[in-house]
Number of protein chains: 4
Amino acid sequence: MWFSIDFNSHVPVYKQIKEKIKSMIVTGKLKKGAFVPSIRSLAKDLGVNLNTVSRAYRELVLEGILKVVRGEGYVVEGLDAERFLGKKLEEFRKMVLTLKGDGIEYEKLEGILREVYGGEENAES
Amino acid sequence: MWFSIDFNSHVPVYKQIKEKIKSMIVTGKLKKGAFVPSIRSLAKDLGVNLNTVSRAYRELVLEGILKVVRGEGYVVEGLDAERFLGKKLEEFRKMVLTLKGDGIEYEKLEGILREVYGGEENAES
Amino acid sequence: MWFSIDFNSHVPVYKQIKEKIKSMIVTGKLKKGAFVPSIRSLAKDLGVNLNTVSRAYRELVLEGILKVVRGEGYVVEGLDAERFLGKKLEEFRKMVLTLKGDGIEYEKLEGILREVYGGEENAES
Amino acid sequence: MWFSIDFNSHVPVYKQIKEKIKSMIVTGKLKKGAFVPSIRSLAKDLGVNLNTVSRAYRELVLEGILKVVRGEGYVVEGLDAERFLGKKLEEFRKMVLTLKGDGIEYEKLEGILREVYGGEENAES
DNA sequence: GTGGTCTAGACCACA
DNA sequence: GTGGTCTAGACCACA
């Protein structure tokens, strides 16, 4: 059921975990009131240290996204989807700007977009 | 004339410098045989330590992109543009995949693409 | 009839329970020979696990403050009030020292003391 | 120059460090713009692990009390003294309430207060 | 079983 | 020199 970590990424592992959890909440894979996996089980699944997951969860609590239930685990509180997606789109815009700066043409990027999104149902031309 | 560093990025500063240099070579802003700025001046411009720029240049030399001219500075050797742009597009594809996974619709991304690439040829409005 | 637990305190719940029981003995609310509430009922009242109350009682027995009556429950044995209060005052002194170190004036603390201890005999206003 | 940790306290070490730093800012021992000791040197002084100090500093940054300067260290930003002292006094009130509940008389506490504050200059009677 | 804290030590980036 | 992250493992409290 669980996701994986990119150990080659510059993004620290605990931040990757935070993003994944947020993503799963936004997409409804983790619903409000549900328990996220225990620190130790997620750490084991991801091949990561307990402290790393612990830090991710702790920060999500500070952000009001998770809640800790004594002796039981972490529960989903909620997440401002609007804001989460807004940030993601902002990152996307930044990357597109960079790519434009690198001289890559619009069509290249649109092509990839269509490929990823499967083609037919999304493309007009 | 010089670029800037995103100190909040997870991408290490020396890697950001490498990427910028490469980008300027690919886009022709730095031509083969031209001198890149001296380590001292670039470090000053960017507000970073000499060691950081030094490391970026050193690695660019190892990659065959720059060449040291003893006592004079670093000169552009060349760069496999195909490969550079290929990597960039690969990163783009990865990000699009993530965004799709977050439930963001094709249209949202295409809209941003059009915005960034200016109006006329791509946008209808 | 029973007290409450501060779940936000750093003091472990089982220690809070021990302190409360001791306090009630010292103040005569629990007299020698009286039964303290059963583990089950106290756990229920406080909203904590049986094990937690159990641990508190067990340690109080080890300290000679409670005694197990097989099949009946836990009975108050007694408590060195002098020592109990001495510890409390020691903690108070420590806290006052810290507050003095923080630059808080004598009058502020005395004011709070008077407030808590009610008006007439101590306060002028 | 530095403080010490109470390893027997229930208060986690990283929280003790946070409180000490705050206290030193409030009392002017650490002024705005000054560097706090480096993570590693403080860890060594206190006989504590680097990660523990690191967590304390990191949380102080989140609270806007410290600021991190890349490659240089942590700098004092500022602290709402009013709020800090208010919290301290609240803790004091709570403790006094408990002590009153334990049957300790006003005079005992006032006596300790006077002792700690040196007597003459503060006491009226 | 759950989380919380801490240690000893490693490796990296930046000044 | 500075901070940042991570691991492996320990010990504790609570359900």
# chains A, B, ... in the order shown; residues from 1 in each chain; ligands from 1

$ residues_around --residues "segment 2-8 of chain F" --least-positions-apart "2" --cutoff "9 Å" --atoms "only C-alpha atoms (C1' of nucleotides)" --output "PyMOL selection string"
(chain A and resi 12-13+48-49+51-52) or (chain D and resi 38-39+54+68-74) or (chain E and resi 9-15)

$ interface_residues --of "chain A" --to "chain D" --cutoff "12 Å" --atoms "only C-alpha atoms" --output "PyMOL selection string"
chain A and resi 51+55+58-59+62-63

$ residues_around --residues "Glu82 of chain D" --least-positions-apart "2" --cutoff "12 Å" --atoms "only C-alpha atoms (C1' of nucleotides)" --output "tab-separated table (two decimals) with C-alpha atoms, in the first residue's frame"
chain	number	residue	atom	x	y	z
C	102	ASP	CA	14.53	35.15	34.65
C	103	GLY	CA	14.48	38.61	36.19
C	104	ILE	CA	11.02	38.39	37.72
D	22	LYS	CA	14.83	32.01	25.95
D	23	SER	CA	15.65	32.95	29.50
D	26	VAL	CA	14.85	37.80	28.14
D	27	THR	CA	17.49	38.68	30.70
D	78	GLY	CA	14.10	38.33	19.34
D	79	LEU	CA	11.53	37.14	21.84
D	80	ASP	CA	8.26	38.39	23.22
D	84	PHE	CA	7.59	34.34	28.01
D	85	LEU	CA	7.33	35.76	31.51
D	86	GLY	CA	3.56	35.43	31.46
D	87	LYS	CA	3.90	31.70	30.85
D	88	LYS	CA	6.43	31.39	33.64
D	89	LEU	CA	4.12	33.16	36.06

$ closest_residue --among "A:Trp2, A:Phe35, A:Tyr117, A:Tyr14" --to "chain E" --atoms "only C-alpha atoms (C1' of nucleotides)"
A:Phe35

$ residues_around --residues "Ile112 of chain D" --least-positions-apart "6" --cutoff "12 Å" --atoms "only C-alpha atoms (C1' of nucleotides)" --output "PyMOL selection string"
(chain C and resi 86+88-97+106+109-110+113) or (chain D and resi 105-106+118-119+123)

$ write_last_selection --atoms "C-alpha atoms" --output "short mmCIF file (atom, residue, chain, number, x, y, z; two decimals), in the first residue's frame"
data_model
loop_
_atom_site.label_atom_id
_atom_site.label_comp_id
_atom_site.auth_asym_id
_atom_site.auth_seq_id
_atom_site.Cartn_x
_atom_site.Cartn_y
_atom_site.Cartn_z
CA GLY C 86 9.57 18.87 52.21
CA LYS C 88 7.18 19.86 47.48
CA LEU C 89 8.76 22.89 49.11
CA GLU C 90 12.09 21.99 47.56
CA GLU C 91 10.48 22.01 44.13
CA PHE C 92 8.94 25.36 44.96
CA ARG C 93 12.29 26.81 45.94
CA LYS C 94 13.82 25.57 42.69
CA MET C 95 11.10 27.20 40.65
CA VAL C 96 11.47 30.48 42.54
CA LEU C 97 15.20 30.41 41.86
CA TYR C 106 9.70 39.49 44.24
CA LEU C 109 5.46 36.33 42.89
CA GLU C 110 4.19 37.52 46.24
CA LEU C 113 0.83 33.95 46.29
CA GLU D 105 0.40 27.44 54.53
CA TYR D 106 0.97 30.80 52.94
CA GLY D 118 17.64 37.74 49.80
CA GLY D 119 15.38 39.09 52.53
CA ALA D 123 10.37 41.96 52.59
#

$ select_by_dssp --residues "segment 76-118 of chain C" --states "alpha helix (DSSP H)" --output "JSON, numbers by chain"
{"C": [81, 82, 83, 84, 85, 86, 87, 88, 89, 90, 91, 92, 93, 94, 95, 96, 97, 98, 99, 100, 101, 106, 107, 108, 109, 110, 111, 112, 113, 114, 115, 116]}

$ atom_distance --atom1 "atom CA of Arg40 of chain A" --atom2 "atom CA of Glu19 of chain A"
18.4 Å

$ closest_residue --among "C:His10, C:Lys31, C:Lys20, C:Lys108" --to "chain F" --atoms "only C-alpha atoms (C1' of nucleotides)"
C:His10

$ select_by_dssp --residues "chain C" --states "strand (DSSP E or B)" --output "PDB file with N, CA and C atoms, in the first residue's frame"
ATOM      1  N   PHE C  35      -9.860   2.293  51.792  1.00  0.00           N
ATOM      2  CA  PHE C  35      -9.572   1.740  50.474  1.00  0.00           C
ATOM      3  C   PHE C  35      -9.454   2.857  49.452  1.00  0.00           C
ATOM      4  N   LEU C  66       0.730   2.229  50.227  1.00  0.00           N
ATOM      5  CA  LEU C  66      -0.480   1.413  50.115  1.00  0.00           C
ATOM      6  C   LEU C  66      -0.129  -0.024  50.488  1.00  0.00           C
ATOM      7  N   LYS C  67      -1.163  -0.796  50.702  1.00  0.00           N
ATOM      8  CA  LYS C  67      -0.989  -2.224  51.006  1.00  0.00           C
ATOM      9  C   LYS C  67      -2.059  -2.969  50.224  1.00  0.00           C
ATOM     10  N   VAL C  68      -1.681  -4.118  49.673  1.00  0.00           N
ATOM     11  CA  VAL C  68      -2.674  -4.912  48.947  1.00  0.00           C
ATOM     12  C   VAL C  68      -3.431  -5.790  49.939  1.00  0.00           C
ATOM     13  N   VAL C  69      -4.748  -5.762  49.822  1.00  0.00           N
ATOM     14  CA  VAL C  69      -5.541  -6.738  50.567  1.00  0.00           C
ATOM     15  C   VAL C  69      -6.106  -7.693  49.530  1.00  0.00           C
ATOM     16  N   GLY C  73      -8.570  -5.174  47.449  1.00  0.00           N
ATOM     17  CA  GLY C  73      -8.141  -3.893  46.895  1.00  0.00           C
ATOM     18  C   GLY C  73      -6.924  -3.336  47.605  1.00  0.00           C
ATOM     19  N   TYR C  74      -6.752  -2.039  47.450  1.00  0.00           N
ATOM     20  CA  TYR C  74      -5.582  -1.376  48.013  1.00  0.00           C
ATOM     21  C   TYR C  74      -6.013  -0.484  49.186  1.00  0.00           C
ATOM     22  N   VAL C  75      -5.264  -0.588  50.273  1.00  0.00           N
ATOM     23  CA  VAL C  75      -5.606   0.131  51.495  1.00  0.00           C
ATOM     24  C   VAL C  75      -4.467   1.089  51.848  1.00  0.00           C
ATOM     25  N   VAL C  76      -4.830   2.241  52.382  1.00  0.00           N
ATOM     26  CA  VAL C  76      -3.827   3.223  52.795  1.00  0.00           C
ATOM     27  C   VAL C  76      -3.078   2.740  54.029  1.00  0.00           C
TER      28      VAL C  76
END

$ residues_around --residues "Ser41 of chain B" --least-positions-apart "4" --cutoff "10 Å" --atoms "only C-alpha atoms (C1' of nucleotides)" --output "PyMOL selection string"
chain B and resi 37+45-47+50+53

$ write_last_selection --atoms "N, CA and C atoms" --output "PDB file, in the first residue's frame"
ATOM      1  N   PRO B  37      33.129  33.772 -15.905  1.00  0.00           N
ATOM      2  CA  PRO B  37      33.650  34.738 -14.931  1.00  0.00           C
ATOM      3  C   PRO B  37      34.640  34.066 -13.987  1.00  0.00           C
ATOM      4  N   ASP B  45      29.462  38.116  -6.940  1.00  0.00           N
ATOM      5  CA  ASP B  45      28.158  38.414  -7.523  1.00  0.00           C
ATOM      6  C   ASP B  45      27.040  37.609  -6.879  1.00  0.00           C
ATOM      7  N   LEU B  46      27.310  36.344  -6.645  1.00  0.00           N
ATOM      8  CA  LEU B  46      26.253  35.471  -6.127  1.00  0.00           C
ATOM      9  C   LEU B  46      26.127  35.550  -4.615  1.00  0.00           C
ATOM     10  N   GLY B  47      27.127  36.126  -3.979  1.00  0.00           N
ATOM     11  CA  GLY B  47      27.101  36.174  -2.523  1.00  0.00           C
ATOM     12  C   GLY B  47      27.378  34.820  -1.905  1.00  0.00           C
ATOM     13  N   LEU B  50      34.000  31.405  -2.057  1.00  0.00           N
ATOM     14  CA  LEU B  50      34.880  30.997  -3.157  1.00  0.00           C
ATOM     15  C   LEU B  50      34.856  29.482  -3.366  1.00  0.00           C
ATOM     16  N   VAL B  53      31.940  28.179  -5.597  1.00  0.00           N
ATOM     17  CA  VAL B  53      32.092  28.367  -7.039  1.00  0.00           C
ATOM     18  C   VAL B  53      33.209  27.464  -7.551  1.00  0.00           C
TER      19      VAL B  53
END
